[in-house]
file upload39.cif (mmCIF, N, CA and C atoms)
data_protein
loop_
_atom_site.label_atom_id
_atom_site.label_comp_id
_atom_site.auth_asym_id
_atom_site.auth_seq_id
_atom_site.Cartn_x
_atom_site.Cartn_y
_atom_site.Cartn_z
N MET A 2 14.82 -3.24 8.74
CA MET A 2 15.82 -2.98 9.72
C MET A 2 15.40 -3.68 11.01
N TYR A 3 16.29 -4.48 11.57
CA TYR A 3 16.02 -5.23 12.79
C TYR A 3 16.28 -4.35 14.00
N VAL A 4 15.31 -4.28 14.90
CA VAL A 4 15.44 -3.49 16.12
C VAL A 4 15.20 -4.42 17.31
N PRO A 5 16.28 -4.87 17.97
CA PRO A 5 16.13 -5.85 19.06
C PRO A 5 15.23 -5.36 20.19
N GLU A 6 15.24 -4.06 20.48
CA GLU A 6 14.40 -3.55 21.57
C GLU A 6 12.92 -3.81 21.30
N VAL A 7 12.51 -3.67 20.04
CA VAL A 7 11.11 -3.93 19.68
C VAL A 7 10.79 -5.40 19.88
N ASP A 8 11.68 -6.28 19.44
CA ASP A 8 11.49 -7.72 19.64
C ASP A 8 11.32 -8.04 21.13
N ASN A 9 12.14 -7.43 21.97
CA ASN A 9 12.07 -7.70 23.40
C ASN A 9 10.72 -7.29 23.99
N VAL A 10 10.21 -6.14 23.58
CA VAL A 10 8.90 -5.69 24.06
C VAL A 10 7.81 -6.66 23.59
N LEU A 11 7.86 -7.04 22.34
CA LEU A 11 6.84 -7.97 21.81
C LEU A 11 6.89 -9.31 22.52
N ARG A 12 8.08 -9.80 22.80
CA ARG A 12 8.22 -11.08 23.52
C ARG A 12 7.64 -10.96 24.94
N ARG A 13 7.87 -9.83 25.59
CA ARG A 13 7.28 -9.63 26.93
C ARG A 13 5.75 -9.66 26.88
N TRP A 14 5.19 -9.27 25.77
CA TRP A 14 3.73 -9.30 25.58
C TRP A 14 3.24 -10.69 25.19
N GLY A 15 4.16 -11.66 25.10
CA GLY A 15 3.78 -13.03 24.76
C GLY A 15 3.72 -13.30 23.27
N LEU A 16 4.27 -12.41 22.47
CA LEU A 16 4.27 -12.58 21.02
C LEU A 16 5.61 -13.14 20.56
N ASN A 17 5.63 -13.72 19.39
CA ASN A 17 6.84 -14.28 18.82
C ASN A 17 7.16 -13.57 17.51
N PRO A 18 7.85 -12.43 17.56
CA PRO A 18 8.11 -11.66 16.34
C PRO A 18 9.04 -12.40 15.38
N VAL A 19 8.79 -12.19 14.10
CA VAL A 19 9.63 -12.75 13.04
C VAL A 19 10.09 -11.59 12.18
N THR A 20 11.38 -11.43 12.04
CA THR A 20 11.93 -10.35 11.23
C THR A 20 11.88 -10.76 9.77
N VAL A 21 11.27 -9.92 8.96
CA VAL A 21 11.13 -10.19 7.53
C VAL A 21 11.70 -9.01 6.77
N GLY A 22 12.67 -9.26 5.91
CA GLY A 22 13.27 -8.19 5.12
C GLY A 22 12.90 -8.26 3.66
N ASP A 23 12.67 -9.47 3.18
CA ASP A 23 12.39 -9.66 1.76
C ASP A 23 10.89 -9.78 1.51
N SER A 24 10.50 -9.75 0.26
CA SER A 24 9.09 -9.93 -0.07
C SER A 24 8.76 -11.42 0.05
N ARG A 25 7.60 -11.69 0.67
CA ARG A 25 7.18 -13.08 0.85
C ARG A 25 5.74 -13.13 1.33
N GLU A 26 5.18 -14.31 1.24
CA GLU A 26 3.83 -14.54 1.75
C GLU A 26 3.93 -14.67 3.27
N VAL A 27 3.18 -13.85 4.00
CA VAL A 27 3.23 -13.88 5.46
C VAL A 27 2.02 -14.61 6.05
N LEU A 28 0.95 -14.66 5.34
CA LEU A 28 -0.25 -15.44 5.64
C LEU A 28 -0.82 -15.87 4.29
N GLU A 29 -1.75 -16.80 4.29
CA GLU A 29 -2.33 -17.22 3.03
C GLU A 29 -2.92 -16.01 2.30
N ASP A 30 -2.44 -15.78 1.07
CA ASP A 30 -2.88 -14.68 0.21
C ASP A 30 -2.54 -13.29 0.74
N ALA A 31 -1.64 -13.18 1.70
CA ALA A 31 -1.18 -11.89 2.22
C ALA A 31 0.34 -11.85 2.11
N PHE A 32 0.84 -10.83 1.44
CA PHE A 32 2.26 -10.73 1.14
C PHE A 32 2.81 -9.39 1.62
N THR A 33 4.10 -9.35 1.87
CA THR A 33 4.78 -8.09 2.11
C THR A 33 5.58 -7.74 0.87
N THR A 34 5.72 -6.45 0.61
CA THR A 34 6.58 -6.01 -0.48
C THR A 34 8.04 -6.26 -0.13
N GLY A 35 8.30 -6.53 1.14
CA GLY A 35 9.67 -6.55 1.63
C GLY A 35 10.02 -5.13 2.00
N VAL A 36 11.14 -4.99 2.66
CA VAL A 36 11.57 -3.66 3.09
C VAL A 36 11.87 -2.80 1.86
N MET A 37 11.26 -1.64 1.84
CA MET A 37 11.54 -0.64 0.81
C MET A 37 11.95 0.63 1.56
N SER A 38 12.80 1.43 0.96
CA SER A 38 13.22 2.64 1.66
C SER A 38 13.07 3.86 0.78
N GLY A 39 12.90 4.96 1.44
CA GLY A 39 12.81 6.25 0.78
C GLY A 39 12.75 7.32 1.84
N MET A 40 13.37 8.45 1.59
CA MET A 40 13.37 9.57 2.52
C MET A 40 13.96 9.18 3.88
N GLY A 41 14.88 8.20 3.88
CA GLY A 41 15.51 7.77 5.12
C GLY A 41 14.65 6.90 6.00
N VAL A 42 13.53 6.43 5.47
CA VAL A 42 12.58 5.61 6.23
C VAL A 42 12.46 4.24 5.56
N TYR A 43 12.39 3.20 6.38
CA TYR A 43 12.20 1.84 5.89
C TYR A 43 10.78 1.40 6.22
N GLU A 44 10.10 0.80 5.24
CA GLU A 44 8.75 0.33 5.51
C GLU A 44 8.37 -0.80 4.57
N HIS A 45 7.38 -1.55 5.00
CA HIS A 45 6.76 -2.61 4.21
C HIS A 45 5.39 -2.12 3.78
N SER A 46 4.86 -2.71 2.73
CA SER A 46 3.46 -2.53 2.37
C SER A 46 2.86 -3.92 2.27
N LEU A 47 1.55 -4.00 2.49
CA LEU A 47 0.83 -5.26 2.48
C LEU A 47 0.13 -5.43 1.14
N ILE A 48 0.26 -6.61 0.57
CA ILE A 48 -0.43 -6.94 -0.68
C ILE A 48 -1.33 -8.14 -0.40
N ILE A 49 -2.61 -7.98 -0.66
CA ILE A 49 -3.57 -9.05 -0.43
C ILE A 49 -4.05 -9.56 -1.78
N ARG A 50 -3.83 -10.84 -2.03
CA ARG A 50 -4.26 -11.43 -3.30
C ARG A 50 -5.76 -11.63 -3.27
N LEU A 51 -6.43 -11.08 -4.27
CA LEU A 51 -7.88 -11.17 -4.39
C LEU A 51 -8.15 -12.04 -5.61
N SER A 52 -8.39 -13.31 -5.38
CA SER A 52 -8.50 -14.28 -6.46
C SER A 52 -9.45 -13.82 -7.56
N GLY A 53 -8.94 -13.81 -8.78
CA GLY A 53 -9.74 -13.45 -9.94
C GLY A 53 -9.79 -11.97 -10.25
N TYR A 54 -9.25 -11.11 -9.37
CA TYR A 54 -9.34 -9.67 -9.57
C TYR A 54 -8.01 -8.94 -9.56
N GLY A 55 -7.01 -9.54 -9.01
CA GLY A 55 -5.73 -8.85 -8.83
C GLY A 55 -5.43 -8.78 -7.35
N SER A 56 -4.87 -7.68 -6.92
CA SER A 56 -4.50 -7.57 -5.52
C SER A 56 -4.89 -6.20 -4.97
N ILE A 57 -4.98 -6.17 -3.65
CA ILE A 57 -5.21 -4.92 -2.93
C ILE A 57 -3.89 -4.57 -2.26
N VAL A 58 -3.44 -3.35 -2.47
CA VAL A 58 -2.18 -2.89 -1.89
C VAL A 58 -2.53 -1.90 -0.78
N VAL A 59 -2.11 -2.24 0.44
CA VAL A 59 -2.36 -1.41 1.61
C VAL A 59 -1.02 -0.80 2.02
N VAL A 60 -0.97 0.54 1.99
CA VAL A 60 0.28 1.24 2.30
C VAL A 60 0.14 2.04 3.58
N GLY A 61 1.28 2.36 4.18
CA GLY A 61 1.29 3.21 5.37
C GLY A 61 1.43 4.65 4.94
N CYS A 62 2.65 5.13 4.85
CA CYS A 62 2.89 6.52 4.45
C CYS A 62 3.67 6.61 3.14
N SER A 63 4.01 5.52 2.54
CA SER A 63 4.61 5.48 1.19
C SER A 63 5.87 6.32 1.03
N HIS A 64 6.73 6.32 2.03
CA HIS A 64 7.99 7.05 1.91
C HIS A 64 8.83 6.56 0.72
N PRO A 65 8.79 5.26 0.37
CA PRO A 65 9.56 4.81 -0.80
C PRO A 65 8.98 5.30 -2.13
N GLY A 66 7.82 5.94 -2.10
CA GLY A 66 7.14 6.41 -3.31
C GLY A 66 5.99 5.48 -3.64
N ILE A 67 4.79 6.02 -3.70
CA ILE A 67 3.62 5.18 -3.98
C ILE A 67 3.76 4.51 -5.34
N ASP A 68 4.37 5.17 -6.29
CA ASP A 68 4.58 4.57 -7.61
C ASP A 68 5.51 3.37 -7.52
N ASN A 69 6.57 3.48 -6.72
CA ASN A 69 7.51 2.36 -6.55
C ASN A 69 6.85 1.18 -5.84
N ILE A 70 6.01 1.47 -4.87
CA ILE A 70 5.31 0.40 -4.15
C ILE A 70 4.36 -0.33 -5.09
N VAL A 71 3.62 0.40 -5.90
CA VAL A 71 2.69 -0.23 -6.84
C VAL A 71 3.47 -1.05 -7.88
N ARG A 72 4.57 -0.52 -8.36
CA ARG A 72 5.39 -1.29 -9.31
C ARG A 72 5.88 -2.59 -8.68
N ARG A 73 6.38 -2.52 -7.45
CA ARG A 73 6.85 -3.72 -6.75
C ARG A 73 5.71 -4.72 -6.60
N SER A 74 4.54 -4.24 -6.23
CA SER A 74 3.37 -5.11 -6.06
C SER A 74 3.01 -5.82 -7.36
N ARG A 75 3.07 -5.09 -8.46
CA ARG A 75 2.81 -5.69 -9.79
C ARG A 75 3.85 -6.75 -10.13
N GLU A 76 5.09 -6.46 -9.83
CA GLU A 76 6.16 -7.44 -10.09
C GLU A 76 5.91 -8.73 -9.31
N LEU A 77 5.44 -8.60 -8.09
CA LEU A 77 5.25 -9.76 -7.22
C LEU A 77 3.99 -10.55 -7.54
N LEU A 78 2.86 -9.86 -7.76
CA LEU A 78 1.58 -10.56 -7.88
C LEU A 78 0.77 -10.22 -9.12
N GLY A 79 1.27 -9.38 -9.98
CA GLY A 79 0.52 -9.05 -11.19
C GLY A 79 -0.46 -7.90 -10.97
N ASP A 80 -1.62 -8.01 -11.59
CA ASP A 80 -2.60 -6.91 -11.61
C ASP A 80 -2.95 -6.40 -10.22
N VAL A 81 -3.10 -5.09 -10.13
CA VAL A 81 -3.49 -4.43 -8.89
C VAL A 81 -4.94 -3.98 -9.04
N TYR A 82 -5.78 -4.36 -8.11
CA TYR A 82 -7.19 -4.00 -8.13
C TYR A 82 -7.43 -2.67 -7.41
N LEU A 83 -6.78 -2.50 -6.25
CA LEU A 83 -7.02 -1.31 -5.44
C LEU A 83 -5.77 -0.96 -4.65
N VAL A 84 -5.49 0.34 -4.53
CA VAL A 84 -4.40 0.83 -3.70
C VAL A 84 -5.01 1.77 -2.68
N ILE A 85 -4.72 1.55 -1.39
CA ILE A 85 -5.31 2.36 -0.33
C ILE A 85 -4.28 2.69 0.74
N GLY A 86 -4.36 3.91 1.25
CA GLY A 86 -3.50 4.32 2.35
C GLY A 86 -2.92 5.69 2.11
N GLY A 87 -1.90 6.02 2.88
CA GLY A 87 -1.24 7.31 2.76
C GLY A 87 -0.21 7.28 1.65
N PHE A 88 -0.31 8.23 0.74
CA PHE A 88 0.60 8.27 -0.42
C PHE A 88 1.73 9.28 -0.23
N HIS A 89 1.80 9.96 0.88
CA HIS A 89 2.85 10.89 1.28
C HIS A 89 3.08 12.02 0.28
N GLY A 90 2.05 12.79 0.04
CA GLY A 90 2.18 13.97 -0.81
C GLY A 90 2.80 13.69 -2.16
N PRO A 91 2.23 12.78 -2.93
CA PRO A 91 2.84 12.36 -4.20
C PRO A 91 2.72 13.42 -5.29
N SER A 92 3.58 13.29 -6.28
CA SER A 92 3.48 14.14 -7.47
C SER A 92 2.36 13.61 -8.36
N ARG A 93 1.96 14.41 -9.29
CA ARG A 93 0.94 13.97 -10.26
C ARG A 93 1.47 12.80 -11.08
N GLN A 94 2.76 12.81 -11.39
CA GLN A 94 3.36 11.72 -12.16
C GLN A 94 3.27 10.40 -11.38
N GLN A 95 3.51 10.46 -10.07
CA GLN A 95 3.39 9.25 -9.26
C GLN A 95 1.94 8.77 -9.24
N LEU A 96 1.01 9.68 -9.12
CA LEU A 96 -0.41 9.30 -9.12
C LEU A 96 -0.83 8.73 -10.47
N ASP A 97 -0.26 9.25 -11.55
CA ASP A 97 -0.55 8.70 -12.87
C ASP A 97 -0.11 7.25 -12.98
N VAL A 98 1.03 6.93 -12.40
CA VAL A 98 1.52 5.54 -12.39
C VAL A 98 0.55 4.65 -11.60
N VAL A 99 0.14 5.12 -10.44
CA VAL A 99 -0.79 4.34 -9.62
C VAL A 99 -2.09 4.10 -10.39
N ALA A 100 -2.63 5.14 -11.00
CA ALA A 100 -3.89 5.01 -11.75
C ALA A 100 -3.72 4.11 -12.98
N LYS A 101 -2.55 4.15 -13.58
CA LYS A 101 -2.29 3.31 -14.75
C LYS A 101 -2.36 1.82 -14.39
N TYR A 102 -1.85 1.48 -13.23
CA TYR A 102 -1.73 0.08 -12.85
C TYR A 102 -2.82 -0.44 -11.91
N SER A 103 -3.70 0.42 -11.44
CA SER A 103 -4.71 -0.01 -10.47
C SER A 103 -6.11 0.35 -10.94
N ARG A 104 -7.07 -0.52 -10.66
CA ARG A 104 -8.47 -0.26 -11.00
C ARG A 104 -9.06 0.82 -10.12
N TYR A 105 -8.69 0.84 -8.83
CA TYR A 105 -9.19 1.84 -7.88
C TYR A 105 -8.03 2.46 -7.11
N VAL A 106 -8.15 3.76 -6.84
CA VAL A 106 -7.10 4.51 -6.15
C VAL A 106 -7.76 5.22 -4.96
N CYS A 107 -7.29 4.91 -3.75
CA CYS A 107 -7.90 5.42 -2.53
C CYS A 107 -6.85 6.13 -1.66
N PRO A 108 -6.52 7.38 -2.00
CA PRO A 108 -5.54 8.11 -1.20
C PRO A 108 -6.14 8.54 0.14
N ALA A 109 -5.39 8.32 1.20
CA ALA A 109 -5.87 8.67 2.55
C ALA A 109 -4.83 9.54 3.25
N HIS A 110 -5.09 9.82 4.50
CA HIS A 110 -4.33 10.69 5.43
C HIS A 110 -3.20 11.48 4.79
N CYS A 111 -1.97 11.05 4.81
CA CYS A 111 -0.83 11.88 4.39
C CYS A 111 -0.71 12.04 2.87
N SER A 112 -1.71 11.64 2.13
CA SER A 112 -1.69 11.86 0.68
C SER A 112 -1.80 13.34 0.36
N GLY A 113 -2.62 14.04 1.14
CA GLY A 113 -2.80 15.48 0.95
C GLY A 113 -4.02 15.79 0.11
N ASP A 114 -4.56 16.97 0.32
CA ASP A 114 -5.75 17.41 -0.40
C ASP A 114 -5.52 17.50 -1.90
N GLU A 115 -4.35 17.97 -2.30
CA GLU A 115 -4.06 18.10 -3.74
C GLU A 115 -4.07 16.74 -4.43
N ALA A 116 -3.50 15.73 -3.79
CA ALA A 116 -3.49 14.38 -4.39
C ALA A 116 -4.91 13.85 -4.51
N ARG A 117 -5.70 14.00 -3.47
CA ARG A 117 -7.10 13.54 -3.52
C ARG A 117 -7.87 14.28 -4.61
N ARG A 118 -7.67 15.57 -4.69
CA ARG A 118 -8.37 16.39 -5.69
C ARG A 118 -7.95 15.95 -7.10
N TYR A 119 -6.65 15.77 -7.32
CA TYR A 119 -6.15 15.38 -8.65
C TYR A 119 -6.74 14.03 -9.08
N VAL A 120 -6.67 13.04 -8.20
CA VAL A 120 -7.19 11.72 -8.57
C VAL A 120 -8.70 11.78 -8.79
N SER A 121 -9.41 12.54 -7.96
CA SER A 121 -10.88 12.59 -8.09
C SER A 121 -11.32 13.26 -9.39
N VAL A 122 -10.48 14.12 -9.95
CA VAL A 122 -10.82 14.78 -11.22
C VAL A 122 -10.25 14.00 -12.41
N ALA A 123 -8.96 13.70 -12.36
CA ALA A 123 -8.30 13.05 -13.49
C ALA A 123 -8.71 11.59 -13.65
N TYR A 124 -9.06 10.94 -12.56
CA TYR A 124 -9.40 9.51 -12.59
C TYR A 124 -10.69 9.27 -11.81
N ARG A 125 -11.72 10.02 -12.17
CA ARG A 125 -12.99 10.00 -11.44
C ARG A 125 -13.54 8.59 -11.22
N ASP A 126 -13.45 7.74 -12.24
CA ASP A 126 -14.00 6.38 -12.13
C ASP A 126 -13.14 5.46 -11.27
N LYS A 127 -11.94 5.88 -10.93
CA LYS A 127 -11.04 5.06 -10.12
C LYS A 127 -10.94 5.55 -8.68
N TYR A 128 -11.38 6.77 -8.42
CA TYR A 128 -11.17 7.42 -7.13
C TYR A 128 -12.12 6.90 -6.06
N CYS A 129 -11.57 6.66 -4.87
CA CYS A 129 -12.35 6.30 -3.68
C CYS A 129 -12.02 7.33 -2.61
N ASP A 130 -13.02 8.00 -2.09
CA ASP A 130 -12.82 8.95 -1.00
C ASP A 130 -12.86 8.16 0.30
N VAL A 131 -11.73 8.09 1.00
CA VAL A 131 -11.66 7.27 2.21
C VAL A 131 -11.08 8.05 3.37
N LYS A 132 -11.48 7.64 4.56
CA LYS A 132 -10.91 8.11 5.82
C LYS A 132 -11.12 6.98 6.82
N THR A 133 -10.61 7.13 8.01
CA THR A 133 -10.75 6.09 9.03
C THR A 133 -12.22 5.74 9.20
N GLY A 134 -12.52 4.45 9.15
CA GLY A 134 -13.88 3.98 9.36
C GLY A 134 -14.68 3.83 8.09
N THR A 135 -14.14 4.26 6.95
CA THR A 135 -14.86 4.14 5.69
C THR A 135 -15.05 2.68 5.32
N VAL A 136 -16.25 2.33 4.90
CA VAL A 136 -16.54 1.01 4.36
C VAL A 136 -16.56 1.14 2.86
N ILE A 137 -15.80 0.31 2.17
CA ILE A 137 -15.70 0.38 0.72
C ILE A 137 -16.45 -0.80 0.12
N ASN A 138 -17.45 -0.51 -0.69
CA ASN A 138 -18.18 -1.52 -1.42
C ASN A 138 -17.89 -1.31 -2.91
N LEU A 139 -17.02 -2.13 -3.45
CA LEU A 139 -16.63 -1.99 -4.85
C LEU A 139 -17.14 -3.16 -5.67
N PRO A 140 -17.47 -2.91 -6.91
CA PRO A 140 -17.87 -4.00 -7.79
C PRO A 140 -16.71 -4.96 -7.99
N MET A 141 -16.98 -6.21 -7.98
CA MET A 141 -15.94 -7.21 -8.14
C MET A 141 -15.92 -7.68 -9.59
N GLY A 142 -15.61 -6.79 -10.47
CA GLY A 142 -15.53 -7.18 -11.87
C GLY A 142 -15.11 -6.07 -12.75
#

call {"tool": "encode", "arguments": {"input": "upload39.cif", "output": "structure tokens"}}
result
Amino acid sequence: MYVPEVDNVLRRWGLNPVTVGDSREVLEDAFTTGVMSGMGVYEHSLIIRLSGYGSIVVVGCSHPGIDNIVRRSRELLGDVYLVIGGFHGPSRQQLDVVAKYSRYVCPAHCSGDEARRYVSVAYRDKYCDVKTGTVINLPMG
């Protein structure tokens, strides 16, 4: 959704905003899912291509559904290596989809304690306990 007031503020700060609605590469090996909507909210997620391993999907609050975001990411770039960010209180079924398609699952902030607990038990080898400032050292293979 284009918001001219935001563009005006960014231009006053000396930035040159570019409105992007569709999925595309925004920097080398960095892609947007394109605008996705859910719960009346529009958002993008970031997909980083990790050569030889798949991709890392970085989400905000996942209003469109973390499962839908992961599916879109797979459609765009194939295998998903890691998903990290807020999953917005997902159902177990949504978490099962994420775990099915991703090597590592890192639910943060608005994911909720139940989501973190479920993934840490049901998918122990895939779970990453993260919070702001966490450094993640994962095997690349």

call {"tool": "atom_distance", "arguments": {"input": "upload39.cif", "atom1": "atom CA of Ile85 of chain A", "atom2": "atom CA of Ile57 of chain A"}}
result
7.7 Å

call {"tool": "atom_distance", "arguments": {"input": "upload39.cif", "atom1": "atom CA of His64 of chain A", "atom2": "atom C of Phe88 of chain A"}}
result
7.0 Å

call {"tool": "atom_distance", "arguments": {"input": "upload39.cif", "atom1": "atom CA of Arg12 of chain A", "atom2": "atom CA of Met37 of chain A"}}
result
25.2 Å

call {"tool": "resolve_selection", "arguments": {"input": "upload39.cif", "expression": "the PyMOL selection byres ((chain A and resi 81) around 6)", "output": "list of chain:residue names"}}
result
A:Tyr54, A:Gly55, A:Ser56, A:Ile57, A:Arg75, A:Gly79, A:Asp80, A:Tyr82, A:Leu83, A:Tyr102, A:Ser103, A:Arg104

call {"tool": "resolve_selection", "arguments": {"input": "upload39.cif", "expression": "the PyMOL selection byres ((chain A and resi 48) around 7)", "output": "short mmCIF file (atom, residue, chain, number, x, y, z; two decimals) with N, CA and C atoms, in the frame of the given file"}}
result
data_model
loop_
_atom_site.label_atom_id
_atom_site.label_comp_id
_atom_site.auth_asym_id
_atom_site.auth_seq_id
_atom_site.Cartn_x
_atom_site.Cartn_y
_atom_site.Cartn_z
N ASP A 30 -2.44 -15.78 1.07
CA ASP A 30 -2.88 -14.68 0.21
C ASP A 30 -2.54 -13.29 0.74
N ALA A 31 -1.64 -13.18 1.70
CA ALA A 31 -1.18 -11.89 2.22
C ALA A 31 0.34 -11.85 2.11
N PHE A 32 0.84 -10.83 1.44
CA PHE A 32 2.26 -10.73 1.14
C PHE A 32 2.81 -9.39 1.62
N THR A 33 4.10 -9.35 1.87
CA THR A 33 4.78 -8.09 2.11
C THR A 33 5.58 -7.74 0.87
N THR A 34 5.72 -6.45 0.61
CA THR A 34 6.58 -6.01 -0.48
C THR A 34 8.04 -6.26 -0.13
N SER A 46 4.86 -2.71 2.73
CA SER A 46 3.46 -2.53 2.37
C SER A 46 2.86 -3.92 2.27
N LEU A 47 1.55 -4.00 2.49
CA LEU A 47 0.83 -5.26 2.48
C LEU A 47 0.13 -5.43 1.14
N ILE A 49 -2.61 -7.98 -0.66
CA ILE A 49 -3.57 -9.05 -0.43
C ILE A 49 -4.05 -9.56 -1.78
N ARG A 50 -3.83 -10.84 -2.03
CA ARG A 50 -4.26 -11.43 -3.30
C ARG A 50 -5.76 -11.63 -3.27
N SER A 56 -4.87 -7.68 -6.92
CA SER A 56 -4.50 -7.57 -5.52
C SER A 56 -4.89 -6.20 -4.97
N ILE A 57 -4.98 -6.17 -3.65
CA ILE A 57 -5.21 -4.92 -2.93
C ILE A 57 -3.89 -4.57 -2.26
N VAL A 58 -3.44 -3.35 -2.47
CA VAL A 58 -2.18 -2.89 -1.89
C VAL A 58 -2.53 -1.90 -0.78
N VAL A 59 -2.11 -2.24 0.44
CA VAL A 59 -2.36 -1.41 1.61
C VAL A 59 -1.02 -0.80 2.02
N SER A 74 4.54 -4.24 -6.23
CA SER A 74 3.37 -5.11 -6.06
C SER A 74 3.01 -5.82 -7.36
#

call {"tool": "select_by_dssp", "arguments": {"input": "upload39.cif", "residues": "chain A", "states": "strand (DSSP E or B)", "output": "compact mmCIF listing (two decimals) with N, CA and C atoms, in the frame of the given file"}}
result
# COMPACT_ATOMS: atom_id res chain seq x y z
N ARG A 25 7.60 -11.69 0.67
CA ARG A 25 7.18 -13.08 0.85
C ARG A 25 5.74 -13.13 1.33
N GLU A 26 5.18 -14.31 1.24
CA GLU A 26 3.83 -14.54 1.75
C GLU A 26 3.93 -14.67 3.27
N VAL A 27 3.18 -13.85 4.00
CA VAL A 27 3.23 -13.88 5.46
C VAL A 27 2.02 -14.61 6.05
N LEU A 28 0.95 -14.66 5.34
CA LEU A 28 -0.25 -15.44 5.64
C LEU A 28 -0.82 -15.87 4.29
N ALA A 31 -1.64 -13.18 1.70
CA ALA A 31 -1.18 -11.89 2.22
C ALA A 31 0.34 -11.85 2.11
N PHE A 32 0.84 -10.83 1.44
CA PHE A 32 2.26 -10.73 1.14
C PHE A 32 2.81 -9.39 1.62
N THR A 33 4.10 -9.35 1.87
CA THR A 33 4.78 -8.09 2.11
C THR A 33 5.58 -7.74 0.87
N MET A 37 11.26 -1.64 1.84
CA MET A 37 11.54 -0.64 0.81
C MET A 37 11.95 0.63 1.56
N SER A 38 12.80 1.43 0.96
CA SER A 38 13.22 2.64 1.66
C SER A 38 13.07 3.86 0.78
N GLY A 39 12.90 4.96 1.44
CA GLY A 39 12.81 6.25 0.78
C GLY A 39 12.75 7.32 1.84
N VAL A 42 13.53 6.43 5.47
CA VAL A 42 12.58 5.61 6.23
C VAL A 42 12.46 4.24 5.56
N TYR A 43 12.39 3.20 6.38
CA TYR A 43 12.20 1.84 5.89
C TYR A 43 10.78 1.40 6.22
N GLU A 44 10.10 0.80 5.24
CA GLU A 44 8.75 0.33 5.51
C GLU A 44 8.37 -0.80 4.57
N LEU A 47 1.55 -4.00 2.49
CA LEU A 47 0.83 -5.26 2.48
C LEU A 47 0.13 -5.43 1.14
N ILE A 48 0.26 -6.61 0.57
CA ILE A 48 -0.43 -6.94 -0.68
C ILE A 48 -1.33 -8.14 -0.40
N ILE A 49 -2.61 -7.98 -0.66
CA ILE A 49 -3.57 -9.05 -0.43
C ILE A 49 -4.05 -9.56 -1.78
N ARG A 50 -3.83 -10.84 -2.03
CA ARG A 50 -4.26 -11.43 -3.30
C ARG A 50 -5.76 -11.63 -3.27
N LEU A 51 -6.43 -11.08 -4.27
CA LEU A 51 -7.88 -11.17 -4.39
C LEU A 51 -8.15 -12.04 -5.61
N GLY A 55 -7.01 -9.54 -9.01
CA GLY A 55 -5.73 -8.85 -8.83
C GLY A 55 -5.43 -8.78 -7.35
N SER A 56 -4.87 -7.68 -6.92
CA SER A 56 -4.50 -7.57 -5.52
C SER A 56 -4.89 -6.20 -4.97
N ILE A 57 -4.98 -6.17 -3.65
CA ILE A 57 -5.21 -4.92 -2.93
C ILE A 57 -3.89 -4.57 -2.26
N VAL A 58 -3.44 -3.35 -2.47
CA VAL A 58 -2.18 -2.89 -1.89
C VAL A 58 -2.53 -1.90 -0.78
N VAL A 59 -2.11 -2.24 0.44
CA VAL A 59 -2.36 -1.41 1.61
C VAL A 59 -1.02 -0.80 2.02
N VAL A 60 -0.97 0.54 1.99
CA VAL A 60 0.28 1.24 2.30
C VAL A 60 0.14 2.04 3.58
N VAL A 81 -3.10 -5.09 -10.13
CA VAL A 81 -3.49 -4.43 -8.89
C VAL A 81 -4.94 -3.98 -9.04
N TYR A 82 -5.78 -4.36 -8.11
CA TYR A 82 -7.19 -4.00 -8.13
C TYR A 82 -7.43 -2.67 -7.41
N LEU A 83 -6.78 -2.50 -6.25
CA LEU A 83 -7.02 -1.31 -5.44
C LEU A 83 -5.77 -0.96 -4.65
N VAL A 84 -5.49 0.34 -4.53
CA VAL A 84 -4.40 0.83 -3.70
C VAL A 84 -5.01 1.77 -2.68
N ILE A 85 -4.72 1.55 -1.39
CA ILE A 85 -5.31 2.36 -0.33
C ILE A 85 -4.28 2.69 0.74
N GLY A 86 -4.36 3.91 1.25
CA GLY A 86 -3.50 4.32 2.35
C GLY A 86 -2.92 5.69 2.11
N GLY A 87 -1.90 6.02 2.88
CA GLY A 87 -1.24 7.31 2.76
C GLY A 87 -0.21 7.28 1.65
N SER A 103 -3.70 0.42 -11.44
CA SER A 103 -4.71 -0.01 -10.47
C SER A 103 -6.11 0.35 -10.94
N ARG A 104 -7.07 -0.52 -10.66
CA ARG A 104 -8.47 -0.26 -11.00
C ARG A 104 -9.06 0.82 -10.12
N TYR A 105 -8.69 0.84 -8.83
CA TYR A 105 -9.19 1.84 -7.88
C TYR A 105 -8.03 2.46 -7.11
N VAL A 106 -8.15 3.76 -6.84
CA VAL A 106 -7.10 4.51 -6.15
C VAL A 106 -7.76 5.22 -4.96
N CYS A 107 -7.29 4.91 -3.75
CA CYS A 107 -7.90 5.42 -2.53
C CYS A 107 -6.85 6.13 -1.66
N PRO A 108 -6.52 7.38 -2.00
CA PRO A 108 -5.54 8.11 -1.20
C PRO A 108 -6.14 8.54 0.14
N ALA A 109 -5.39 8.32 1.20
CA ALA A 109 -5.87 8.67 2.55
C ALA A 109 -4.83 9.54 3.25
N TYR A 128 -11.38 6.77 -8.42
CA TYR A 128 -11.17 7.42 -7.13
C TYR A 128 -12.12 6.90 -6.06

call {"tool": "select_by_dssp", "arguments": {"input": "upload39.cif", "residues": "segment 68-112 of chain A", "states": "alpha helix (DSSP H)", "output": "number ranges by chain"}}
result
A: 68-78, 93-102

call {"tool": "resolve_selection", "arguments": {"input": "upload39.cif", "expression": "the PyMOL selection byres (((chain A and resi 109 and name CA) around 6) and name CA)", "output": "PyMOL selection string"}}
result
chain A and resi 86-87+108+110+112+131

call {"tool": "residues_around", "arguments": {"input": "upload39.cif", "residues": "Arg117 of chain A", "least_positions_apart": "4", "cutoff": "9 Å", "atoms": "only C-alpha atoms", "output": "MDAnalysis selection string"}}
result
chainID A and resid 107:109 112:113 121:122 128:130

call {"tool": "closest_residue", "arguments": {"input": "upload39.cif", "among": "A:Val84, A:Ile67, A:Leu78, A:Ile137", "to": "Leu96 of chain A", "atoms": "only C-alpha atoms"}}
result
A:Ile67

call {"tool": "closest_residue", "arguments": {"input": "upload39.cif", "among": "A:Ala116, A:Leu139, A:Met40, A:Leu77", "to": "Val99 of chain A", "atoms": "only C-alpha atoms"}}
result
A:Ala116
